[in-house]
$ cat final07.cif   # mmCIF, C-alpha atoms
data_work
loop_
_atom_site.label_atom_id
_atom_site.label_comp_id
_atom_site.auth_asym_id
_atom_site.auth_seq_id
_atom_site.Cartn_x
_atom_site.Cartn_y
_atom_site.Cartn_z
CA MET A 1157 57.63 46.31 119.95
CA GLU A 1158 56.24 45.68 116.50
CA ASN A 1159 59.51 45.18 114.70
CA LYS A 1160 59.25 41.43 114.87
CA GLU A 1161 56.18 41.44 112.72
CA ARG A 1162 57.02 43.91 109.97
CA LYS A 1163 60.12 43.87 107.87
CA VAL A 1164 61.70 47.31 108.16
CA PRO A 1165 62.91 48.62 104.78
CA GLU A 1166 66.63 49.27 104.52
CA VAL A 1167 66.00 52.92 103.68
CA VAL A 1168 64.16 53.43 107.00
CA ILE A 1169 66.96 51.73 108.93
CA ARG A 1170 69.38 54.09 107.28
CA ARG A 1171 67.35 57.16 108.23
CA LEU A 1172 67.18 56.32 111.95
CA PRO A 1173 70.85 57.07 112.72
CA ARG A 1174 70.35 60.53 111.22
CA TYR A 1175 67.30 61.12 113.40
CA TYR A 1176 69.33 59.84 116.31
CA ARG A 1177 72.22 62.24 115.67
CA TYR A 1178 69.91 65.21 115.53
CA LEU A 1179 67.89 64.18 118.58
CA ASP A 1180 71.13 63.68 120.47
CA GLU A 1181 72.14 67.27 119.63
CA LEU A 1182 68.72 68.52 120.76
CA ASP A 1183 69.00 66.58 123.99
CA LYS A 1184 72.47 67.96 124.70
CA SER A 1185 71.21 71.50 124.13
CA GLY A 1186 68.48 70.92 126.71
CA LYS A 1187 65.46 70.55 124.39
CA THR A 1188 62.92 68.05 125.69
CA ARG A 1189 60.28 68.11 122.93
CA ILE A 1190 60.21 68.52 119.17
CA SER A 1191 57.24 68.85 116.82
CA SER A 1192 57.04 66.50 113.88
CA ASN A 1193 57.16 69.57 111.62
CA ALA A 1194 60.40 70.85 113.12
CA LEU A 1195 61.92 67.37 112.94
CA SER A 1196 60.74 67.09 109.35
CA GLU A 1197 62.26 70.42 108.36
CA LYS A 1198 65.62 69.59 109.90
CA MET A 1199 65.77 66.12 108.38
CA GLY A 1200 64.58 67.13 104.91
CA VAL A 1201 61.89 64.44 105.06
CA THR A 1202 58.13 65.10 105.16
CA ALA A 1203 56.37 64.91 108.54
CA SER A 1204 54.22 62.11 107.15
CA GLN A 1205 57.37 60.20 106.15
CA ILE A 1206 58.70 60.56 109.70
CA ARG A 1207 55.43 59.22 111.10
CA GLN A 1208 55.57 56.31 108.66
CA ASP A 1209 59.16 55.58 109.63
CA PHE A 1210 58.37 55.64 113.33
CA ASN A 1211 55.28 53.49 112.81
CA TYR A 1212 57.54 50.56 111.97
CA PHE A 1213 58.59 50.67 115.59
CA GLY A 1214 55.28 51.37 117.26
CA GLY A 1215 54.84 55.12 116.79
CA PHE A 1216 57.19 56.76 119.30
CA GLY A 1217 54.97 59.59 120.46
CA GLN A 1218 51.94 61.73 120.04
CA GLN A 1219 51.19 63.95 117.12
CA GLY A 1220 50.24 67.54 117.78
CA TYR A 1221 51.88 67.47 121.15
CA GLY A 1222 55.19 66.62 119.46
CA TYR A 1223 57.78 64.01 120.27
CA ASN A 1224 59.59 63.57 123.56
CA VAL A 1225 63.29 63.81 122.68
CA LYS A 1226 64.61 61.59 125.47
CA TYR A 1227 61.98 58.96 124.80
CA LEU A 1228 62.77 58.90 121.07
CA LEU A 1229 66.47 58.56 121.82
CA ASN A 1230 65.86 55.65 124.17
CA GLU A 1231 63.57 53.92 121.68
CA ILE A 1232 66.12 54.26 118.90
CA GLU A 1233 68.86 52.96 121.20
CA ASP A 1234 66.68 49.95 121.94
CA ILE A 1235 66.03 49.29 118.28
CA PHE A 1236 69.72 49.35 117.51
CA GLY A 1237 70.58 47.38 120.61
CA ILE A 1238 73.00 50.16 121.55
CA SER A 1239 71.92 50.15 125.16
CA LYS A 1240 73.43 46.68 125.45
CA GLY A 1241 76.90 47.99 124.64
CA TYR A 1242 78.24 45.90 121.76
CA LYS A 1243 81.70 44.41 122.26
CA THR A 1244 83.90 45.05 119.26
CA ILE A 1245 87.41 44.33 118.04
CA ILE A 1246 89.51 45.91 115.31
CA VAL A 1247 91.36 43.59 112.96
CA GLY A 1248 94.28 45.38 111.36
CA ALA A 1249 96.38 47.87 113.32
CA GLY A 1250 97.52 49.98 110.39
CA HIS A 1251 96.58 53.62 109.97
CA LEU A 1252 92.90 52.87 109.52
CA GLY A 1253 92.81 50.56 112.53
CA HIS A 1254 94.44 53.26 114.65
CA ALA A 1255 92.08 55.90 113.29
CA LEU A 1256 89.08 53.73 114.24
CA ALA A 1257 90.46 53.05 117.71
CA ASN A 1258 90.66 56.81 118.22
CA TYR A 1259 87.38 57.78 116.56
CA ALA A 1260 85.31 59.41 119.28
CA GLY A 1261 81.94 58.70 117.69
CA ILE A 1262 82.27 54.93 118.01
CA GLN A 1263 82.67 54.91 121.77
CA LYS A 1264 80.10 57.69 122.22
CA ARG A 1265 77.53 55.43 120.58
CA GLY A 1266 78.28 52.80 123.22
CA PHE A 1267 80.44 50.44 121.16
CA LYS A 1268 83.29 49.12 123.31
CA ILE A 1269 86.55 48.36 121.53
CA ILE A 1270 88.10 45.59 123.61
CA GLY A 1271 90.77 44.14 121.30
CA ILE A 1272 93.00 45.01 118.35
CA PHE A 1273 94.76 42.43 116.18
CA ASP A 1274 97.59 42.47 113.69
CA ASN A 1275 100.10 40.01 112.28
CA ASP A 1276 103.02 42.44 112.34
CA GLU A 1277 105.51 41.31 115.00
CA LYS A 1278 106.62 44.90 115.52
CA LYS A 1279 103.10 45.99 116.44
CA ILE A 1280 102.12 43.05 118.64
CA GLY A 1281 102.41 43.96 122.30
CA THR A 1282 102.33 47.72 121.70
CA LEU A 1283 99.38 49.89 122.68
CA CYS A 1284 96.82 51.54 120.46
CA ASN A 1285 94.57 53.95 122.36
CA ASN A 1286 95.48 52.02 125.52
CA ILE A 1287 94.52 48.65 124.09
CA GLU A 1288 97.25 46.06 123.59
CA ILE A 1289 97.67 44.85 120.03
CA LEU A 1290 97.43 41.04 119.90
CA GLY A 1291 98.68 38.60 117.28
CA MET A 1292 96.33 37.10 114.74
CA ASP A 1293 96.85 33.63 116.23
CA GLU A 1294 94.93 34.79 119.32
CA LEU A 1295 91.91 35.94 117.33
CA GLU A 1296 89.60 32.92 117.75
CA ARG A 1297 90.31 32.39 121.43
CA PHE A 1298 89.73 36.08 122.17
CA VAL A 1299 86.46 36.28 120.24
CA VAL A 1300 85.06 33.19 121.95
CA ASP A 1301 86.28 34.02 125.47
CA ASN A 1302 85.02 37.60 125.33
CA LYS A 1303 81.84 36.96 123.36
CA VAL A 1304 82.80 39.64 120.85
CA ASP A 1305 79.83 40.93 118.84
CA ILE A 1306 81.35 42.97 116.03
CA ALA A 1307 84.68 42.94 114.20
CA MET A 1308 85.83 46.07 112.39
CA LEU A 1309 87.91 44.95 109.43
CA ALA A 1310 90.69 47.42 108.67
CA LEU A 1311 92.63 45.02 106.50
CA PRO A 1312 93.96 44.94 102.98
CA LYS A 1313 91.50 43.60 100.43
CA SER A 1314 93.61 40.47 99.93
CA ALA A 1315 93.27 39.38 103.57
CA ILE A 1316 89.61 40.22 104.10
CA GLU A 1317 87.92 37.00 103.07
CA GLU A 1318 90.13 34.64 105.03
CA VAL A 1319 89.82 36.71 108.21
CA ALA A 1320 86.06 37.10 107.74
CA ASP A 1321 85.68 33.33 107.47
CA ARG A 1322 87.71 32.77 110.63
CA LEU A 1323 85.54 35.26 112.50
CA VAL A 1324 82.31 33.74 111.22
CA ASP A 1325 83.54 30.31 112.31
CA CYS A 1326 84.06 31.43 115.87
CA GLY A 1327 80.66 33.07 116.14
CA ILE A 1328 81.12 36.78 115.46
CA LYS A 1329 77.70 38.44 115.04
CA GLY A 1330 78.51 41.14 112.51
CA LEU A 1331 81.30 42.56 110.37
CA TRP A 1332 82.09 46.18 109.60
CA ASN A 1333 84.21 46.13 106.48
CA PHE A 1334 86.36 49.02 105.27
CA ALA A 1335 88.18 47.24 102.46
CA TYR A 1336 87.28 48.34 98.97
CA VAL A 1337 85.38 45.14 98.22
CA GLU A 1338 81.80 43.92 98.63
CA LEU A 1339 82.41 41.31 101.31
CA LYS A 1340 80.45 38.06 101.23
CA THR A 1341 80.71 35.67 104.15
CA LYS A 1342 80.35 31.91 103.90
CA LYS A 1343 77.55 31.86 106.47
CA PRO A 1344 75.02 34.72 106.25
CA ILE A 1345 75.74 37.16 109.06
CA PRO A 1346 75.11 40.92 109.00
CA VAL A 1347 77.86 42.78 107.12
CA GLU A 1348 78.15 46.49 106.51
CA ASN A 1349 80.56 47.49 103.77
CA VAL A 1350 81.69 51.08 104.28
CA HIS A 1351 81.89 52.85 100.95
CA LEU A 1352 83.74 56.03 101.70
CA THR A 1353 83.80 56.97 98.05
CA ASP A 1354 79.99 57.15 97.93
CA SER A 1355 80.13 60.17 100.17
CA LEU A 1356 83.01 61.67 98.17
CA MET A 1357 80.96 61.21 95.00
CA THR A 1358 77.98 62.98 96.58
CA LEU A 1359 80.31 65.87 97.36
CA SER A 1360 81.56 66.00 93.77
CA PHE A 1361 78.00 66.01 92.51
CA LYS A 1362 77.23 69.08 94.57
CA ILE A 1363 80.42 70.82 93.43
CA ASN A 1364 79.72 69.95 89.82
CA GLN A 1365 76.14 71.27 90.00
CA LYS A 1366 77.36 74.51 91.55
CA MET A 1367 79.95 75.03 88.83
CA LYS A 1368 77.30 74.60 86.13
CA ASN A 1369 74.84 77.08 87.62
CA MET B 389 71.54 67.28 80.14
CA GLU B 390 68.41 68.08 82.12
CA ASN B 391 69.94 68.43 85.55
CA LYS B 392 70.01 72.20 85.28
CA GLU B 393 66.26 72.38 85.17
CA ARG B 394 65.17 69.95 87.87
CA LYS B 395 66.40 69.87 91.40
CA VAL B 396 67.66 66.35 92.06
CA PRO B 397 66.56 65.04 95.48
CA GLU B 398 69.38 64.19 97.88
CA VAL B 399 68.15 60.59 98.12
CA VAL B 400 68.60 60.14 94.35
CA ILE B 401 72.09 61.65 94.47
CA ARG B 402 72.92 59.17 97.19
CA ARG B 403 71.69 56.21 95.18
CA LEU B 404 73.80 56.97 92.10
CA PRO B 405 77.16 56.01 93.64
CA ARG B 406 75.66 52.62 94.49
CA TYR B 407 74.48 52.15 90.92
CA TYR B 408 77.92 53.26 89.81
CA ARG B 409 79.73 50.71 92.00
CA TYR B 410 77.62 47.87 90.69
CA LEU B 411 77.87 48.96 87.05
CA ASP B 412 81.63 49.24 87.45
CA GLU B 413 81.74 45.63 88.67
CA LEU B 414 79.61 44.52 85.73
CA ASP B 415 81.83 46.39 83.30
CA LYS B 416 84.97 44.81 84.77
CA SER B 417 83.42 41.36 84.45
CA GLY B 418 82.79 42.03 80.75
CA LYS B 419 79.02 42.60 80.84
CA THR B 420 77.89 45.21 78.34
CA ARG B 421 74.13 45.35 78.99
CA ILE B 422 71.82 45.02 81.97
CA SER B 423 68.02 44.91 82.07
CA SER B 424 66.24 47.34 84.37
CA ASN B 425 64.82 44.31 86.22
CA ALA B 426 68.24 42.82 86.89
CA LEU B 427 69.56 46.21 88.01
CA SER B 428 66.50 46.63 90.21
CA GLU B 429 66.94 43.25 91.85
CA LYS B 430 70.61 43.85 92.60
CA MET B 431 70.01 47.35 93.99
CA GLY B 432 66.94 46.46 96.05
CA VAL B 433 65.01 49.30 94.36
CA THR B 434 62.01 48.83 92.06
CA ALA B 435 62.62 49.05 88.30
CA SER B 436 60.24 52.00 88.19
CA GLN B 437 62.27 53.76 90.89
CA ILE B 438 65.42 53.26 88.82
CA ARG B 439 63.70 54.73 85.77
CA GLN B 440 62.53 57.69 87.86
CA ASP B 441 66.04 58.20 89.23
CA PHE B 442 67.59 58.12 85.78
CA ASN B 443 64.92 60.43 84.40
CA TYR B 444 66.40 63.25 86.45
CA PHE B 445 69.38 63.01 84.17
CA GLY B 446 67.68 62.45 80.84
CA GLY B 447 66.81 58.76 80.93
CA PHE B 448 70.10 56.93 80.29
CA GLY B 449 68.86 54.21 78.01
CA GLN B 450 66.06 52.23 76.50
CA GLN B 451 63.62 50.09 78.36
CA GLY B 452 63.07 46.53 77.21
CA TYR B 453 66.40 46.44 75.50
CA GLY B 454 68.08 47.20 78.82
CA TYR B 455 70.79 49.65 79.75
CA ASN B 456 74.19 49.93 78.14
CA VAL B 457 76.64 49.49 81.04
CA LYS B 458 79.47 51.57 79.59
CA TYR B 459 77.11 54.36 78.63
CA LEU B 460 75.54 54.46 82.10
CA LEU B 461 78.98 54.58 83.70
CA ASN B 462 80.05 57.48 81.50
CA GLU B 463 76.83 59.38 82.18
CA ILE B 464 77.21 58.96 85.92
CA GLU B 465 80.85 60.05 85.71
CA ASP B 466 79.70 63.17 83.87
CA ILE B 467 77.04 63.95 86.44
CA PHE B 468 79.56 63.69 89.25
CA GLY B 469 82.20 65.55 87.29
CA ILE B 470 84.53 62.61 87.91
CA SER B 471 85.80 62.60 84.36
CA LYS B 472 87.44 65.97 85.09
CA GLY B 473 89.61 64.47 87.80
CA TYR B 474 89.12 66.54 90.95
CA LYS B 475 92.28 67.82 92.63
CA THR B 476 92.23 67.11 96.34
CA ILE B 477 94.37 67.66 99.42
CA ILE B 478 94.33 66.00 102.82
CA VAL B 479 94.56 68.26 105.85
CA GLY B 480 95.85 66.33 108.86
CA ALA B 481 98.55 63.68 108.47
CA GLY B 482 97.57 61.57 111.46
CA HIS B 483 96.34 58.00 111.19
CA LEU B 484 93.16 58.98 109.37
CA GLY B 485 95.04 61.22 106.93
CA HIS B 486 97.43 58.40 106.16
CA ALA B 487 94.58 55.93 105.78
CA LEU B 488 92.86 58.25 103.29
CA ALA B 489 96.08 58.77 101.32
CA ASN B 490 96.32 55.01 100.97
CA TYR B 491 92.64 54.25 100.34
CA ALA B 492 92.52 52.71 96.88
CA GLY B 493 88.92 53.65 96.17
CA ILE B 494 89.59 57.37 96.18
CA GLN B 495 92.15 57.30 93.40
CA LYS B 496 90.19 54.68 91.47
CA ARG B 497 87.28 57.12 91.31
CA GLY B 498 89.60 59.65 89.66
CA PHE B 499 90.26 61.89 92.66
CA LYS B 500 93.90 63.01 92.64
CA ILE B 501 95.50 63.60 96.02
CA ILE B 502 98.15 66.24 95.32
CA GLY B 503 99.00 67.56 98.78
CA ILE B 504 99.00 66.62 102.47
CA PHE B 505 99.27 69.14 105.29
CA ASP B 506 100.06 68.99 108.98
CA ASN B 507 101.40 71.32 111.64
CA ASP B 508 103.63 68.70 113.28
CA GLU B 509 107.30 69.62 112.62
CA LYS B 510 108.25 65.95 112.81
CA LYS B 511 105.91 65.06 109.97
CA ILE B 512 106.60 68.01 107.66
CA GLY B 513 108.96 67.03 104.87
CA THR B 514 108.30 63.29 105.24
CA LEU B 515 106.41 61.29 102.66
CA CYS B 516 102.92 59.84 102.92
CA ASN B 517 102.09 57.53 100.03
CA ASN B 518 104.82 59.34 98.03
CA ILE B 519 103.40 62.79 98.68
CA GLU B 520 105.46 65.21 100.74
CA ILE B 521 103.74 66.47 103.88
CA LEU B 522 103.71 70.28 103.90
CA GLY B 523 103.30 72.71 106.80
CA MET B 524 99.98 74.40 107.48
CA ASP B 525 101.52 77.78 106.64
CA GLU B 526 101.73 76.68 103.01
CA LEU B 527 98.06 75.77 102.79
CA GLU B 528 96.64 78.91 101.14
CA ARG B 529 99.43 79.30 98.60
CA PHE B 530 99.17 75.63 97.61
CA VAL B 531 95.40 75.68 97.22
CA VAL B 532 95.48 78.81 95.07
CA ASP B 533 98.51 77.83 92.94
CA ASN B 534 97.20 74.34 92.25
CA LYS B 535 93.51 75.22 91.96
CA VAL B 536 92.62 72.54 94.50
CA ASP B 537 88.96 71.48 94.33
CA ILE B 538 88.39 69.41 97.46
CA ALA B 539 89.97 69.27 100.92
CA MET B 540 89.63 66.13 103.00
CA LEU B 541 89.60 67.18 106.64
CA ALA B 542 91.24 64.56 108.85
CA LEU B 543 91.65 66.89 111.80
CA PRO B 544 90.62 66.97 115.42
CA LYS B 545 87.21 68.50 116.03
CA SER B 546 88.80 71.51 117.73
CA ALA B 547 90.75 72.54 114.63
CA ILE B 548 88.08 71.92 112.02
CA GLU B 549 86.32 75.25 111.90
CA GLU B 550 89.39 77.44 111.67
CA VAL B 551 90.90 75.31 108.89
CA ALA B 552 87.58 75.16 107.03
CA ASP B 553 87.35 78.95 107.09
CA ARG B 554 90.89 79.33 105.76
CA LEU B 555 90.11 76.93 102.93
CA VAL B 556 86.85 78.66 102.07
CA ASP B 557 88.69 82.00 101.99
CA CYS B 558 91.16 80.76 99.43
CA GLY B 559 88.51 79.33 97.14
CA ILE B 560 88.22 75.62 97.91
CA LYS B 561 85.14 74.20 96.18
CA GLY B 562 84.12 71.50 98.63
CA LEU B 563 85.01 69.94 101.99
CA TRP B 564 84.95 66.29 103.01
CA ASN B 565 84.81 66.29 106.79
CA PHE B 566 85.63 63.30 108.99
CA ALA B 567 85.52 65.03 112.36
CA TYR B 568 82.66 64.04 114.60
CA VAL B 569 80.89 67.37 114.14
CA GLU B 570 78.34 68.78 111.68
CA LEU B 571 80.59 71.31 109.95
CA LYS B 572 79.14 74.65 108.90
CA THR B 573 81.24 76.98 106.75
CA LYS B 574 81.02 80.76 106.79
CA LYS B 575 80.33 80.93 103.06
CA PRO B 576 77.98 78.23 101.73
CA ILE B 577 80.09 75.70 99.84
CA PRO B 578 79.33 71.98 99.45
CA VAL B 579 80.30 70.01 102.56
CA GLU B 580 79.94 66.28 103.17
CA ASN B 581 80.18 65.21 106.76
CA VAL B 582 81.16 61.54 106.96
CA HIS B 583 79.20 59.82 109.69
CA LEU B 584 80.93 56.50 110.14
CA THR B 585 78.75 55.66 113.09
CA ASP B 586 75.61 55.70 110.92
CA SER B 587 76.88 52.64 109.14
CA LEU B 588 77.91 51.00 112.42
CA MET B 589 74.41 51.64 113.77
CA THR B 590 72.85 50.02 110.70
CA LEU B 591 75.02 46.99 111.39
CA SER B 592 73.88 46.86 115.02
CA PHE B 593 70.27 47.07 113.93
CA LYS B 594 70.70 44.02 111.75
CA ILE B 595 72.48 42.11 114.50
CA ASN B 596 69.83 43.09 117.03
CA GLN B 597 66.98 41.99 114.73
CA LYS B 598 68.69 38.66 114.13
CA MET B 599 69.13 38.02 117.83
CA LYS B 600 65.41 38.65 118.42
CA ASN B 601 64.20 36.30 115.70
#

$ encode --input "final07.cif" --output "structure tokens"
Amino acid sequence: MENKERKVPEVVIRRLPRYYRYLDELDKSGKTRISSNALSEKMGVTASQIRQDFNYFGGFGQQGYGYNVKYLLNEIEDIFGISKGYKTIIVGAGHLGHALANYAGIQKRGFKIIGIFDNDEKKIGTLCNNIEILGMDELERFVVDNKVDIAMLALPKSAIEEVADRLVDCGIKGLWNFAYVELKTKKPIPVENVHLTDSLMTLSFKINQKMKN
Amino acid sequence: MENKERKVPEVVIRRLPRYYRYLDELDKSGKTRISSNALSEKMGVTASQIRQDFNYFGGFGQQGYGYNVKYLLNEIEDIFGISKGYKTIIVGAGHLGHALANYAGIQKRGFKIIGIFDNDEKKIGTLCNNIEILGMDELERFVVDNKVDIAMLALPKSAIEEVADRLVDCGIKGLWNFAYVELKTKKPIPVENVHLTDSLMTLSFKINQKMKN
């Protein structure tokens, strides 16, 4: 793998999950090969851009002969570490926490949700998608004992920073933040802030353009 | 405005909400101007890229002297049609529907949620964030009477297509789809499929890279 030597631009990292989604569809429909032109057309990216993107990770397949779908999928899974099966927890068992626990895509990508936490006495001990909701005082012990990789933060904005700090202190590897705030952690660990409104704005742009034309 | 004449690439459309978020923060902290270099550094995009992006929409401000924050914000709001205040409904009053109804960012961006729909008799007539949940049989009448612009689809995958078709038939302008499926509508209207797992995969990539180094 070459990815140790070259810094992969953020924009390339962000394109790979889209490639992955499409390749996964192809695979499920029984396709075993795809030409770089067909991939390019579907992705709305030039074939040369696709080759450049894949070159960050050692190429991924022959030109002319096309790409092997299964092989590409496996390579992308390796790059993302998905094949390892990340262990995740959800912090916050409100509506969003429940929605995440039930979101099919998360588990299909190999992320295992092994714990859910809340500080509401009425919720503690109940089940959410067959996982028992635990109290916030058990957070550190659970993360350490189970070597949790990722915490999904489905918490109010006001609670985010304190909880993030606690998780960083007990060795969490990454945070997936849904609160409407750009989360900064005290030690630098990978954080993805989900900005749902970005996608809603893209939608409005398209609507607005259509209404003008 | 020049956006009628030039087709704006998807990647540019997707960068604008990020600019917008940052400019909004600047504005709230009392900053009135920002240099293209400072904006570039914060966004992780070259200053020339930012100028190119803004050129699709007529420039947005002088070089050297920097950009006027308020002006940029207003221009971006115009481009996205946000200043109009889109009328939206949520279809599906499960956990995700409730989470969306309570998500602060949506209303802060000027999107008004005016209706929530579900087919569960137990939910119909109850309130979700102060909005009464209506039955699915009222969907068409409500959309037409209230000139609803956008429907947020917080439905199971199995119900998505039928509901999307009903909404398209009664003149909805755009769909925001959360189901784990690439939604296609029978008439071509703007659709944004939210792929939460893309962001989770980006997070895993960063974690995986860090573990290797």

$ residues_around --input "final07.cif" --residues "range 579-584 of chain B" --least-positions-apart "2" --cutoff "7 Å" --atoms "only C-alpha atoms" --output "ChimeraX atom specification"
/A:1355,1359 /B:562-566,570-571,577,586-588

$ residues_around --input "final07.cif" --residues "range 594-599 of chain B" --least-positions-apart "5" --cutoff "8 Å" --atoms "only C-alpha atoms" --output "list of chain:residue names"
A:Lys1160, A:Ile1235, A:Phe1236, A:Gly1237, A:Lys1329, A:Gly1330, A:Pro1346

$ resolve_selection --input "final07.cif" --expression "the PyMOL selection byres ((chain A and resi 1232) around 10)" --output "short mmCIF file (atom, residue, chain, number, x, y, z; two decimals) with C-alpha atoms, in the coordinates of the input"
data_model
loop_
_atom_site.label_atom_id
_atom_site.label_comp_id
_atom_site.auth_asym_id
_atom_site.auth_seq_id
_atom_site.Cartn_x
_atom_site.Cartn_y
_atom_site.Cartn_z
CA LEU A 1172 67.18 56.32 111.95
CA PRO A 1173 70.85 57.07 112.72
CA TYR A 1175 67.30 61.12 113.40
CA TYR A 1176 69.33 59.84 116.31
CA PHE A 1210 58.37 55.64 113.33
CA PHE A 1213 58.59 50.67 115.59
CA PHE A 1216 57.19 56.76 119.30
CA LYS A 1226 64.61 61.59 125.47
CA TYR A 1227 61.98 58.96 124.80
CA LEU A 1228 62.77 58.90 121.07
CA LEU A 1229 66.47 58.56 121.82
CA ASN A 1230 65.86 55.65 124.17
CA GLU A 1231 63.57 53.92 121.68
CA GLU A 1233 68.86 52.96 121.20
CA ASP A 1234 66.68 49.95 121.94
CA ILE A 1235 66.03 49.29 118.28
CA PHE A 1236 69.72 49.35 117.51
CA GLY A 1237 70.58 47.38 120.61
CA ILE A 1238 73.00 50.16 121.55
CA SER A 1239 71.92 50.15 125.16
CA PHE B 593 70.27 47.07 113.93
#

$ residues_around --input "final07.cif" --residues "Ala426 in chain B" --least-positions-apart "4" --cutoff "10 Å" --atoms "all atoms listed in the file" --output "VMD selection string"
chain B and resid 422 430 to 432 435 454

$ write_last_selection --input "final07.cif" --atoms "C-alpha atoms" --output "PDB file, keeping the file's coordinate frame"
ATOM      1  CA  ILE B 422      71.820  45.020  81.970  1.00  0.00           C
ATOM      2  CA  LYS B 430      70.610  43.850  92.600  1.00  0.00           C
ATOM      3  CA  MET B 431      70.010  47.350  93.990  1.00  0.00           C
ATOM      4  CA  GLY B 432      66.940  46.460  96.050  1.00  0.00           C
ATOM      5  CA  ALA B 435      62.620  49.050  88.300  1.00  0.00           C
ATOM      6  CA  GLY B 454      68.080  47.200  78.820  1.00  0.00           C
TER       7      GLY B 454
END

$ residues_near_point --input "final07.cif" --point "(93.4, 69.4, 94.9)" --cutoff "8 Å" --atoms "all atoms listed in the file" --output "number ranges by chain"
B: 474-477, 500-503, 531, 534-539

$ atom_distance --input "final07.cif" --atom1 "CA of Ile478 in chain B" --atom2 "CA of Ile1262 in chain A"
22.3 Å

$ closest_residue --input "final07.cif" --among "B:Asp508, B:Glu413, B:Glu550, B:Asp557" --to "chain A" --atoms "all atoms listed in the file"
B:Glu413

$ axis_aligned_box --input "final07.cif" --around "range 549-563 of chain B" --padding-each-side "6 Å" --output "JSON"
{"center_x": 87.6, "center_y": 76.0, "center_z": 104.0, "size_x": 19.0, "size_y": 24.1, "size_z": 27.7}

$ closest_residue --input "final07.cif" --among "A:Asn1224, A:Ser1191, A:Asn1275, A:Ser1185" --to "Gly1248 in chain A" --atoms "all atoms listed in the file"
A:Asn1275

$ resolve_selection --input "final07.cif" --expression "the PyMOL selection byres ((chain B and resi 517-527) around 6)" --output "list of chain:residue names"
B:Ile504, B:Phe505, B:Asp506, B:Asn507, B:Ile512, B:Gly513, B:Thr514, B:Leu515, B:Cys516, B:Glu528, B:Arg529, B:Phe530

$ closest_residue --input "final07.cif" --among "A:Val1164, A:Met1308, A:Leu1195, A:Ala1255" --to "chain B" --atoms "all atoms listed in the file"
A:Ala1255

$ atom_distance --input "final07.cif" --atom1 "CA of Asn1258 in chain A" --atom2 "CA of Lys511 in chain B"
19.2 Å

$ closest_residue --input "final07.cif" --among "A:Ser1196, A:Asn1211, A:Cys1326, A:Ala1260" --to "Arg1174 in chain A" --atoms "all atoms listed in the file"
A:Ser1196

$ atom_distance --input "final07.cif" --atom1 "CA of Gln1263 in chain A" --atom2 "CA of Gly1241 in chain A"
9.5 Å

$ closest_residue --input "final07.cif" --among "B:Thr573, B:Gly418, B:Asp533, B:Lys472" --to "Glu549 in chain B" --atoms "all atoms listed in the file"
B:Thr573
